[in-house]
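File shown here: coords-v5.csv, holding CSV, C-alpha atoms.
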```
chain,number,residue,atom,x,y,z
A,116,MET,CA,19.1,-26.4,-7.7
A,117,ILE,CA,16.2,-24.1,-6.8
A,118,ARG,CA,13.3,-24.3,-9.3
A,119,ALA,CA,11.7,-20.8,-9.6
A,120,ALA,CA,8.5,-19.9,-11.4
A,121,ILE,CA,7.5,-16.3,-12.2
A,122,VAL,CA,4.0,-14.8,-12.1
A,123,ASP,CA,3.8,-11.3,-13.4
A,124,ASP,CA,1.4,-9.6,-15.8
A,125,HIS,CA,4.0,-7.4,-17.4
A,126,PRO,CA,5.8,-9.2,-20.3
A,127,ALA,CA,9.0,-7.1,-20.0
A,128,LEU,CA,9.3,-8.0,-16.3
A,129,ARG,CA,8.7,-11.7,-17.0
A,130,ALA,CA,11.5,-11.6,-19.6
A,131,GLY,CA,13.8,-9.6,-17.3
A,132,LEU,CA,13.3,-11.9,-14.4
A,133,GLU,CA,13.9,-15.0,-16.5
A,134,ALA,CA,17.1,-13.5,-17.8
A,135,VAL,CA,18.5,-12.6,-14.4
A,136,LEU,CA,17.5,-16.0,-12.8
A,137,ARG,CA,19.0,-17.9,-15.8
A,138,ALA,CA,22.3,-16.1,-15.1
A,139,GLU,CA,22.5,-17.3,-11.5
A,140,PRO,CA,24.1,-20.7,-10.7
A,141,GLY,CA,21.9,-22.8,-8.4
A,142,ILE,CA,18.6,-21.2,-9.5
A,143,VAL,CA,16.7,-22.2,-12.6
A,144,PRO,CA,13.6,-20.4,-14.0
A,145,VAL,CA,11.1,-23.2,-14.9
A,146,GLY,CA,8.3,-21.1,-16.4
A,147,SER,CA,6.1,-18.1,-16.1
A,148,ALA,CA,2.4,-17.1,-15.9
A,149,ALA,CA,0.8,-13.8,-16.8
A,150,THR,CA,-2.7,-14.4,-15.4
A,151,VAL,CA,-4.3,-16.3,-12.5
A,152,PRO,CA,-5.8,-19.1,-14.7
A,153,GLU,CA,-2.2,-19.7,-16.1
A,154,ILE,CA,-0.8,-20.3,-12.6
A,155,TRP,CA,-2.4,-23.7,-11.8
A,156,PRO,CA,-1.2,-25.6,-14.9
A,157,LEU,CA,2.2,-23.9,-14.4
A,158,LEU,CA,2.4,-25.3,-10.9
A,159,GLN,CA,1.3,-28.7,-12.0
A,160,ARG,CA,3.7,-28.8,-15.0
A,161,THR,CA,6.8,-27.3,-13.4
A,162,LYS,CA,6.5,-28.1,-9.6
A,163,PRO,CA,8.6,-25.1,-8.6
A,164,ASP,CA,10.3,-24.7,-5.2
A,165,VAL,CA,9.7,-20.9,-5.2
A,166,ILE,CA,7.2,-18.7,-7.0
A,167,VAL,CA,8.2,-15.0,-7.6
A,168,LEU,CA,4.7,-13.5,-7.4
A,169,ASP,CA,3.8,-10.0,-8.5
A,170,TYR,CA,1.6,-8.1,-6.0
A,171,HIS,CA,-1.2,-7.7,-8.5
A,172,ILE,CA,-2.3,-10.3,-11.0
A,173,PRO,CA,-5.3,-9.0,-13.0
A,174,PRO,CA,-8.1,-9.4,-12.2
A,175,GLU,CA,-7.1,-10.4,-8.7
A,176,ASP,CA,-5.1,-9.2,-5.8
A,177,GLY,CA,-1.8,-10.9,-5.4
A,178,LEU,CA,-2.4,-11.5,-1.7
A,179,LEU,CA,-5.5,-13.5,-2.4
A,180,VAL,CA,-3.7,-15.4,-5.2
A,181,CYS,CA,-0.9,-16.1,-2.7
A,182,GLN,CA,-3.4,-17.5,-0.2
A,183,GLN,CA,-4.9,-19.7,-2.9
A,184,ILE,CA,-1.4,-21.0,-3.9
A,185,LYS,CA,-0.6,-21.8,-0.3
A,186,GLU,CA,-3.8,-23.8,0.0
A,187,GLN,CA,-2.4,-26.3,-2.5
A,188,LEU,CA,-1.1,-29.6,-1.4
A,189,LEU,CA,2.8,-29.3,-1.4
A,190,ALA,CA,2.6,-25.6,-2.1
A,191,PRO,CA,5.8,-23.9,-3.2
A,192,LYS,CA,7.3,-21.1,-1.2
A,193,VAL,CA,6.0,-17.7,-2.3
A,194,LEU,CA,8.1,-14.6,-2.6
A,195,LEU,CA,5.9,-11.6,-3.1
A,196,TYR,CA,7.6,-9.2,-5.5
A,197,THR,CA,6.2,-5.7,-5.3
A,198,ALA,CA,6.8,-2.1,-5.9
A,199,TYR,CA,5.4,-1.5,-2.3
A,200,ALA,CA,7.6,-3.8,-0.2
A,201,SER,CA,7.3,-1.5,2.9
A,202,SER,CA,6.6,-2.6,6.4
A,203,SER,CA,2.9,-1.9,5.8
A,204,LEU,CA,2.7,-4.9,3.6
A,205,ALA,CA,4.3,-7.2,6.2
A,206,ILE,CA,1.0,-8.0,8.0
A,207,PRO,CA,-1.2,-8.7,4.9
A,208,ALA,CA,1.6,-10.7,3.3
A,209,ALA,CA,2.0,-12.9,6.4
A,210,VAL,CA,-1.8,-13.3,6.6
A,211,ALA,CA,-1.8,-14.4,3.0
A,212,GLY,CA,0.9,-17.0,3.7
A,213,ALA,CA,3.7,-15.3,1.7
A,214,ASP,CA,7.1,-16.6,2.7
A,215,GLY,CA,8.8,-13.3,1.9
A,216,VAL,CA,8.3,-9.8,0.5
A,217,LEU,CA,10.8,-8.2,-1.8
A,218,SER,CA,10.9,-4.8,-3.5
A,219,LYS,CA,10.9,-4.6,-7.3
A,220,GLY,CA,14.0,-2.7,-8.3
A,221,VAL,CA,16.5,-4.3,-5.9
A,222,GLU,CA,19.7,-5.6,-7.3
A,223,ALA,CA,19.7,-9.1,-8.8
A,224,ARG,CA,22.0,-10.4,-6.0
A,225,GLU,CA,19.3,-9.4,-3.4
A,226,LEU,CA,16.7,-11.2,-5.5
A,227,TYR,CA,18.9,-14.4,-5.6
A,228,GLU,CA,19.5,-14.2,-1.8
A,229,ALA,CA,15.8,-13.7,-1.2
A,230,ILE,CA,14.9,-16.8,-3.3
A,231,ARG,CA,17.5,-18.8,-1.5
A,232,ARG,CA,16.3,-17.7,1.9
A,233,VAL,CA,12.6,-18.4,1.3
A,234,SER,CA,13.5,-21.8,-0.2
A,235,ARG,CA,15.3,-22.6,3.1
A,236,GLY,CA,12.3,-21.4,5.1
A,237,GLN,CA,14.0,-18.2,6.3
A,238,PRO,CA,12.1,-14.9,6.5
A,239,VAL,CA,12.5,-12.2,3.9
A,240,GLY,CA,11.2,-8.7,4.3
A,241,ALA,CA,10.5,-5.9,6.8
A,242,PRO,CA,9.4,-6.9,10.4
A,243,VAL,CA,6.0,-5.7,11.6
A,244,PRO,CA,6.3,-2.4,13.4
A,245,PRO,CA,4.3,-2.4,16.7
A,246,GLU,CA,2.2,0.7,15.7
A,247,LEU,CA,1.1,-0.9,12.4
A,248,LEU,CA,0.1,-4.0,14.3
A,249,GLN,CA,-2.0,-1.9,16.6
A,250,ASP,CA,-3.6,-0.2,13.6
A,251,ALA,CA,-4.4,-3.5,12.1
A,252,GLN,CA,-5.8,-5.0,15.3
A,253,ALA,CA,-8.0,-1.9,15.6
A,254,GLN,CA,-9.6,-2.7,12.3
A,255,LEU,CA,-10.4,-6.3,13.2
A,256,GLU,CA,-13.0,-8.2,15.3
A,257,ALA,CA,-12.1,-10.3,18.4
A,258,GLU,CA,-12.5,-13.6,16.3
A,259,HIS,CA,-9.7,-12.4,13.9
A,260,LEU,CA,-7.1,-11.7,16.5
A,261,PRO,CA,-5.9,-15.2,17.4
A,262,VAL,CA,-5.7,-16.0,13.7
A,263,LEU,CA,-3.7,-12.9,13.0
A,264,ASP,CA,-1.4,-13.7,15.9
A,265,GLY,CA,-0.8,-17.2,14.7
A,266,LEU,CA,-0.2,-16.3,11.1
A,267,LEU,CA,2.2,-13.5,12.1
A,268,ARG,CA,4.2,-16.0,14.1
A,269,GLY,CA,4.5,-18.0,10.8
A,270,GLU,CA,2.2,-20.8,11.8
A,271,ALA,CA,0.4,-22.8,9.1
A,272,PRO,CA,-3.4,-22.4,9.0
A,273,ALA,CA,-3.8,-26.0,10.2
A,274,ALA,CA,-1.6,-25.2,13.3
A,275,VAL,CA,-3.6,-22.1,14.0
A,276,ALA,CA,-6.9,-24.0,13.6
A,277,SER,CA,-5.6,-26.6,16.1
A,278,ALA,CA,-4.5,-24.0,18.6
A,279,ILE,CA,-7.8,-22.1,18.7
A,280,GLY,CA,-10.0,-25.2,18.4
A,281,THR,CA,-11.5,-24.8,15.0
A,282,ASP,CA,-11.0,-26.2,11.5
A,283,VAL,CA,-8.6,-25.0,8.8
A,284,THR,CA,-11.5,-23.9,6.5
A,285,THR,CA,-12.6,-21.4,9.2
A,286,VAL,CA,-9.1,-20.1,9.7
A,287,ARG,CA,-8.7,-19.6,5.9
A,288,ALA,CA,-12.1,-17.8,5.8
A,289,LEU,CA,-11.1,-15.6,8.7
A,290,ALA,CA,-7.7,-14.9,7.0
A,291,ARG,CA,-9.5,-13.8,3.8
A,292,ASP,CA,-11.7,-11.5,5.9
A,293,ILE,CA,-8.6,-10.0,7.6
A,294,LEU,CA,-7.2,-9.3,4.2
A,295,ARG,CA,-10.4,-7.6,3.1
A,296,ARG,CA,-10.5,-5.5,6.3
A,297,LEU,CA,-6.8,-4.5,6.0
A,298,ARG,CA,-7.2,-3.5,2.4
A,299,VAL,CA,-7.0,0.2,3.2
A,300,ALA,CA,-3.4,-0.3,4.4
A,301,VAL,CA,-2.4,-2.0,1.2
A,302,PRO,CA,-1.8,-0.2,-2.1
A,303,GLU,CA,-4.7,-0.2,-4.4
A,304,VAL,CA,-3.0,-1.2,-7.6
A,305,SER,CA,-4.8,-1.5,-10.9
A,306,ALA,CA,-1.9,-3.0,-12.8
B,278,MET,CA,-29.4,33.9,-11.8
B,279,THR,CA,-28.6,33.6,-8.1
B,280,THR,CA,-25.7,31.4,-6.9
B,281,THR,CA,-26.0,30.2,-3.4
B,282,PRO,CA,-23.2,29.1,-1.1
B,283,SER,CA,-24.6,25.6,-1.4
B,284,ASP,CA,-24.3,25.8,-5.2
B,285,VAL,CA,-20.7,26.9,-4.9
B,286,ARG,CA,-20.0,24.0,-2.5
B,287,ALA,CA,-21.6,21.5,-4.7
B,288,ALA,CA,-19.6,22.7,-7.7
B,289,ALA,CA,-16.4,22.6,-5.7
B,290,VAL,CA,-17.1,19.0,-4.7
B,291,ARG,CA,-17.7,18.1,-8.4
B,292,CYS,CA,-14.5,19.8,-9.5
B,293,LEU,CA,-12.4,18.3,-6.8
B,294,THR,CA,-13.7,14.7,-7.3
B,295,ALA,CA,-13.2,15.0,-11.0
B,296,THR,CA,-9.6,16.3,-10.5
B,297,GLN,CA,-8.9,13.5,-8.0
B,298,ARG,CA,-10.2,10.9,-10.4
B,299,GLU,CA,-7.9,12.2,-13.1
B,300,ARG,CA,-5.0,12.3,-10.8
B,301,ARG,CA,-5.6,8.7,-9.8
B,302,ARG,CA,-5.9,7.6,-13.4
B,303,LEU,CA,-2.5,9.3,-14.2
B,304,GLY,CA,-1.0,7.7,-11.1
B,305,ALA,CA,-2.2,4.3,-12.1
B,306,ARG,CA,-0.8,4.8,-15.6
B,307,LEU,CA,2.6,5.7,-14.3
B,308,HIS,CA,2.6,2.7,-12.0
B,309,ALA,CA,1.5,0.2,-14.7
B,310,GLY,CA,3.5,1.7,-17.5
B,311,ALA,CA,6.7,3.6,-16.8
B,312,ALA,CA,7.5,2.0,-13.4
B,313,GLN,CA,7.2,-1.5,-14.8
B,314,GLU,CA,9.3,-0.7,-17.8
B,315,LEU,CA,12.0,0.9,-15.6
B,316,THR,CA,11.9,-2.2,-13.3
B,317,ALA,CA,12.4,-4.4,-16.4
B,318,ALA,CA,15.3,-2.2,-17.5
B,319,LEU,CA,17.0,-2.8,-14.2
B,320,LEU,CA,16.6,-6.5,-14.5
B,321,ASP,CA,18.0,-6.4,-18.1
B,322,LEU,CA,21.0,-4.3,-16.8
B,323,ASP,CA,21.6,-6.9,-14.0
B,324,ALA,CA,21.5,-9.7,-16.5
B,325,GLY,CA,24.2,-8.1,-18.7
B,326,PRO,CA,27.9,-7.9,-18.2
B,327,PRO,CA,29.0,-5.9,-15.1
B,328,GLY,CA,31.1,-2.8,-15.5
B,329,PRO,CA,31.3,0.9,-14.6
B,330,GLY,CA,28.9,1.8,-17.4
B,331,GLN,CA,26.4,-0.8,-16.2
B,332,ALA,CA,26.6,0.4,-12.6
B,333,ARG,CA,26.1,4.1,-13.6
B,334,ALA,CA,23.2,3.2,-15.9
B,335,ARG,CA,21.7,1.1,-13.1
B,336,ASP,CA,21.9,3.9,-10.6
B,337,ALA,CA,20.3,6.3,-13.1
B,338,VAL,CA,17.4,4.0,-13.9
B,339,HIS,CA,16.9,3.2,-10.2
B,340,ARG,CA,16.7,6.9,-9.3
B,341,ALA,CA,14.2,7.4,-12.1
B,342,LEU,CA,12.1,4.4,-10.8
B,343,VAL,CA,12.1,5.8,-7.3
B,344,GLU,CA,10.9,9.2,-8.6
B,345,VAL,CA,8.2,7.7,-10.8
B,346,ARG,CA,6.9,5.6,-7.8
B,347,GLU,CA,6.8,8.7,-5.6
B,348,VAL,CA,4.9,10.8,-8.2
B,349,SER,CA,2.6,7.9,-8.8
B,350,GLN,CA,1.8,7.6,-5.0
B,351,GLU,CA,1.4,11.4,-4.7
B,352,LEU,CA,-1.1,11.3,-7.5
B,353,ARG,CA,-2.8,8.2,-6.1
B,354,PRO,CA,-2.6,8.1,-2.3
B,355,LEU,CA,-2.8,4.7,-0.7
B,356,GLY,CA,-6.4,3.9,0.3
B,357,ALA,CA,-7.9,6.5,-2.0
B,358,PRO,CA,-11.0,5.2,-3.7
B,359,ASP,CA,-11.1,5.4,-7.5
B,360,ASP,CA,-14.3,7.5,-7.5
B,361,GLY,CA,-12.4,10.6,-6.5
B,362,GLY,CA,-13.3,10.5,-2.8
B,363,PRO,CA,-10.6,11.1,-0.2
B,364,PRO,CA,-8.6,8.3,1.4
B,365,GLY,CA,-9.6,9.1,4.9
B,366,VAL,CA,-7.7,10.1,8.1
B,367,GLY,CA,-6.5,6.6,8.8
B,368,ALA,CA,-5.0,6.1,5.4
B,369,ARG,CA,-3.4,9.5,5.4
B,370,ALA,CA,-1.8,8.8,8.8
B,371,ALA,CA,-0.7,5.4,7.5
B,372,ALA,CA,1.0,7.0,4.5
B,373,ALA,CA,2.8,9.5,6.8
B,374,ARG,CA,4.0,6.6,9.1
B,375,ARG,CA,5.4,4.8,6.1
B,376,ARG,CA,7.6,7.9,5.6
B,377,GLY,CA,8.9,7.4,9.2
B,378,VAL,CA,6.7,10.1,10.8
B,379,THR,CA,5.1,9.2,14.1
B,380,VAL,CA,1.4,10.2,13.9
B,381,ASP,CA,-0.8,10.3,17.0
B,382,LEU,CA,-4.5,10.1,16.4
B,383,GLU,CA,-7.0,11.5,18.9
B,384,LEU,CA,-10.2,11.1,16.9
B,385,HIS,CA,-13.6,11.8,18.5
B,386,VAL,CA,-15.4,12.2,15.2
B,387,ASP,CA,-15.7,9.5,12.6
B,388,ASP,CA,-14.5,11.2,9.4
B,389,ALA,CA,-16.1,8.5,7.2
B,390,ALA,CA,-19.5,9.6,8.5
B,391,LEU,CA,-19.0,13.2,7.3
B,392,ASP,CA,-20.5,14.2,3.9
B,393,LEU,CA,-18.3,14.2,0.8
B,394,GLY,CA,-17.6,17.9,0.9
B,395,ASP,CA,-16.5,17.8,4.5
B,396,ARG,CA,-14.3,14.8,3.9
B,397,LEU,CA,-12.7,16.6,1.0
B,398,ALA,CA,-12.0,19.6,3.3
B,399,VAL,CA,-10.5,17.3,5.9
B,400,ASP,CA,-8.4,15.7,3.3
B,401,ALA,CA,-7.2,19.1,1.9
B,402,VAL,CA,-5.9,19.9,5.4
B,403,LEU,CA,-4.3,16.6,5.9
B,404,GLU,CA,-2.7,16.7,2.5
B,405,ALA,CA,-1.2,20.1,3.4
B,406,GLY,CA,-0.2,19.4,7.0
B,407,LEU,CA,1.0,15.8,7.2
B,408,PRO,CA,3.7,16.0,4.4
B,409,ALA,CA,5.1,19.0,6.2
B,410,ALA,CA,6.0,16.8,9.3
B,411,GLY,CA,9.5,15.7,9.7
B,412,ARG,CA,9.3,13.3,12.7
B,413,HIS,CA,6.0,13.8,14.5
B,414,ALA,CA,2.4,14.9,13.8
B,415,THR,CA,-0.8,14.8,15.7
B,416,VAL,CA,-4.3,14.7,14.2
B,417,ALA,CA,-7.2,15.3,16.5
B,418,SER,CA,-10.9,15.7,15.8
B,419,SER,CA,-13.8,16.8,18.1
B,420,ASP,CA,-17.3,17.9,18.1
B,421,GLU,CA,-17.4,21.4,19.6
B,422,ALA,CA,-20.6,23.3,20.0
B,423,GLY,CA,-22.1,22.2,16.7
B,424,GLU,CA,-18.8,22.3,14.8
B,425,VAL,CA,-16.6,19.6,13.7
B,426,VAL,CA,-13.0,20.6,14.5
B,427,LEU,CA,-9.9,19.0,13.1
B,428,ARG,CA,-6.5,19.9,14.4
B,429,VAL,CA,-3.3,18.9,12.7
B,430,HIS,CA,0.0,19.6,14.4
B,431,ALA,CA,3.3,19.0,12.6
B,432,ASP,CA,6.9,19.5,13.5
B,433,ARG,CA,7.6,21.3,10.3
B,434,ALA,CA,10.3,19.8,8.1
B,435,ARG,CA,9.3,21.6,4.9
B,436,PRO,CA,6.8,24.4,4.2
B,437,PRO,CA,3.2,23.1,4.1
B,438,ALA,CA,1.2,23.9,0.9
B,439,LEU,CA,-1.3,26.1,2.7
B,440,ALA,CA,-2.7,28.5,0.2
B,441,ALA,CA,-4.5,25.9,-1.9
B,442,ALA,CA,-5.8,24.2,1.3
B,443,GLU,CA,-7.2,27.4,2.6
B,444,ASP,CA,-8.9,28.2,-0.7
B,445,LEU,CA,-10.4,24.7,-1.0
B,446,VAL,CA,-11.7,24.7,2.6
B,447,LEU,CA,-13.3,28.1,1.9
B,448,LEU,CA,-15.0,26.8,-1.2
B,449,LEU,CA,-16.2,23.8,0.7
B,450,GLY,CA,-17.9,26.0,3.4
B,451,GLY,CA,-15.3,25.6,6.2
B,452,ALA,CA,-12.7,27.7,7.8
B,453,LEU,CA,-9.0,27.0,8.2
B,454,ALA,CA,-6.8,28.8,10.7
B,455,VAL,CA,-3.0,28.4,10.5
B,456,ARG,CA,-0.6,29.1,13.2
B,457,GLU,CA,3.1,28.8,12.6
B,458,HIS,CA,5.3,29.0,15.6
B,459,GLY,CA,9.0,28.2,15.6
B,460,ASP,CA,9.6,25.0,13.7
B,461,ASP,CA,6.0,23.8,14.2
B,462,VAL,CA,2.7,24.4,12.4
B,463,ASP,CA,-0.8,24.0,13.6
B,464,LEU,CA,-3.8,23.8,11.3
B,465,VAL,CA,-7.3,24.1,12.7
B,466,LEU,CA,-10.2,23.3,10.4
B,467,ARG,CA,-13.8,24.2,11.5
B,468,LEU,CA,-16.8,22.7,9.7
B,469,ALA,CA,-20.4,23.5,10.4
B,470,GLN,CA,-22.0,20.3,11.4
B,471,ARG,CA,-24.4,19.0,8.8
B,472,ASP,CA,-26.5,15.9,9.1
B,473,ALA,CA,-24.5,13.9,11.6
B,474,ALA,CA,-20.9,13.6,12.5
B,475,ALA,CA,-21.0,10.2,14.2
B,476,PRO,CA,-19.0,10.0,17.5
B,477,VAL,CA,-16.3,7.4,17.4
B,478,ALA,CA,-17.2,4.5,19.6
```
What would the structure in this file look like if it were written as structure tokens?
Amino acid sequence: MIRAAIVDDHPALRAGLEAVLRAEPGIVPVGSAATVPEIWPLLQRTKPDVIVLDYHIPPEDGLLVCQQIKEQLLAPKVLLYTAYASSSLAIPAAVAGADGVLSKGVEARELYEAIRRVSRGQPVGAPVPPELLQDAQAQLEAEHLPVLDGLLRGEAPAAVASAIGTDVTTVRALARDILRRLRVAVPEVSA
Amino acid sequence: MTTTPSDVRAAAVRCLTATQRERRRLGARLHAGAAQELTAALLDLDAGPPGPGQARARDAVHRALVEVREVSQELRPLGAPDDGGPPGVGARAAAARRRGVTVDLELHVDDAALDLGDRLAVDAVLEAGLPAAGRHATVASSDEAGEVVLRVHADRARPPALAAAEDLVLLLGGALAVREHGDDVDLVLRLAQRDAAAPVA
């Protein structure tokens, strides 16, 4: 049984997601949060396997929230659920540590499959097109590039830190800096 | 009372940025309101009993959602700041690439270093030219004898919205030349160099 938690600021979406997840055998919705402060007690209380995370959680950016979730000990898998699940989000999502990216509006069976895939550690979402990778690299400094490479290969920040001879705190700080610099390639969403 | 070209340009900048701010507000409202409600409606339909009526309703709601998202993004281009300033060449190119258009950039002038009026003129030309491209576009900028020159080439898939761009460029103190040949269109924007158009390193 996959335990799925929902994080979305829109009440109708939280209710809709809970209803479709409840209807699927093998997946159980264990709770939901509408704001960032509600996320941490939700994680502690429900210990989900997968979080279905909206791209934007007021007042924060879903990518930075995703990064904070993945910094937790025994962090759940994170499926970024967004209106903008294009290939342009593949790089920032990987840098934030998201395990998958799914478009809002897909059929429920695609949502179920995505939740099952991320819970098994399998990728979900568009691959990174080479031209977008070049665009992203052009916006970064030399110190960011090995971190970007490692995170895009799906390595954990600790493994990236070990590979480049630094500590995990530095890798996370560089990843946050990468997200800030790539912000122009990501939708500016106010709700 | 005498109105100088500089007064006209300043008024045009104020009008354009105010218009863009309002467009972005409406785009954000569509995204946060109608698009979320339609997404929730899709989930409700998926949670209900399947059947031909459900499938038809799902298709209709999904089409409406796609259209609302497209309109929202047209009103509020990715990378556009909320202060009404333009998104910039890189963001416009990225948006075209997301539509599957290959965009080659040959930039020798940093558009971010131009003044707001010139950046709005550049954006008006990009907004007219890039959506016209079907598969390929080129955007090039250069500093030519004291003028900033922007060239946009698109393999035209649909008619570009040129009339408004030409008027806007004129109000902003630039000149736009349009050459349509075969299935392609070339737009050449010339701007008198103001303080400094920084060369791209």
Surrounding residues of Ile142 of chain A excluding itself and chain neighbours under 3 positions, 6 Å, all atoms listed in the file, as a list in words | Met116, Ile117 and Glu139 of chain A
Measuring atom to atom with only C-alpha atoms, identify which of B:Ala289, B:Ala311, B:Leu448, B:Ala390 is nearest to chain A.
-> B:Ala311
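Each of B:Asp284, B:Asp392, B:Glu347, B:Glu443 was compared to chain A using only C-alpha atoms, and B:Glu347 turns out to be the nearest.
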May I ask you to extract the residues of chain B within 9 Å of chain A, using all atoms listed in the file, and to give them as a PyMOL selection string?
-> chain B and resi 305-306+308-310+312-325+339+342-343+346+353-358+364+367-368+371-372+374-375
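Excluding Cys181 of chain A and any residue on its chain fewer than 6 positions from it, the residues at most 7 Å away by only C-alpha atoms are Ala211, Gly212 and Ala213 of chain A.
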For atom CA of Ile293 of chain A and atom CA of Asp264 of chain A, determine how far apart the two atoms are, in Å to one decimal place.
->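 Interatomic distance, atom CA of Ile293 of chain A to atom CA of Asp264 of chain A: 11.6 Å.
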Distance query Asp214 of chain A at most 8 Å, all atoms listed in the file, self and fewer than 6 positions along chain excluded, as a ChimeraX atom specification | /A:192-195,233,236-239
Have a look at atom CA of Gln249 of chain A and atom CA of Gln350 of chain B and let me know their distance in Å, one decimal.
-> 23.9 Å
Tell me which of A:Pro242, A:Pro140, A:Pro163, A:Pro152 sits closest to Ala119 of chain A, counting only C-alpha atoms.
->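 Among A:Pro242, A:Pro140, A:Pro163, A:Pro152, it is A:Pro163 that comes nearest to Ala119 of chain A.
Computed from the coordinates, the atom CA of Val262 of chain A to atom CA of Ile279 of chain A distance equals 8.2 Å.
The residue that comes closest to Leu427 of chain B, out of B:Leu447, B:Ala337, B:Leu382, B:Leu293 and on the basis of only C-alpha atoms, is B:Leu382.
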When distances are computed from all atoms listed in the file, which of A:Gly265, A:Gly240, A:Pro156, A:Pro207 shows the smallest separation from Ile184 of chain A?
-> A:Pro156
Tell me which protein, DNA and RNA residues are within 9 Å of Asp395 of chain B, counting all atoms listed in the file, leaving out same-chain ones fewer than 3 positions away, and put them as an mmCIF file with C-alpha atoms, in the frame of the given file.
```cif
data_model
loop_
_atom_site.group_PDB
_atom_site.id
_atom_site.type_symbol
_atom_site.label_atom_id
_atom_site.label_comp_id
_atom_site.auth_asym_id
_atom_site.auth_seq_id
_atom_site.Cartn_x
_atom_site.Cartn_y
_atom_site.Cartn_z
ATOM 1 C CA ASP B 388 -14.500 11.200 9.400
ATOM 2 C CA LEU B 391 -19.000 13.200 7.300
ATOM 3 C CA ASP B 392 -20.500 14.200 3.900
ATOM 4 C CA ALA B 398 -12.000 19.600 3.300
ATOM 5 C CA VAL B 399 -10.500 17.300 5.900
ATOM 6 C CA ASP B 400 -8.400 15.700 3.300
ATOM 7 C CA VAL B 446 -11.700 24.700 2.600
ATOM 8 C CA LEU B 449 -16.200 23.800 0.700
ATOM 9 C CA GLY B 450 -17.900 26.000 3.400
ATOM 10 C CA GLY B 451 -15.300 25.600 6.200
ATOM 11 C CA LEU B 468 -16.800 22.700 9.700
#
```
Got a sec: who's within 10 Å of Glu186 of chain A, counting only C-alpha atoms, leaving out chain neighbours fewer than 6 positions off, as a list in words?
->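 Final neighbour list, sorted by chain and number: Val180, Gly212, Pro272 and Arg287 of chain A.
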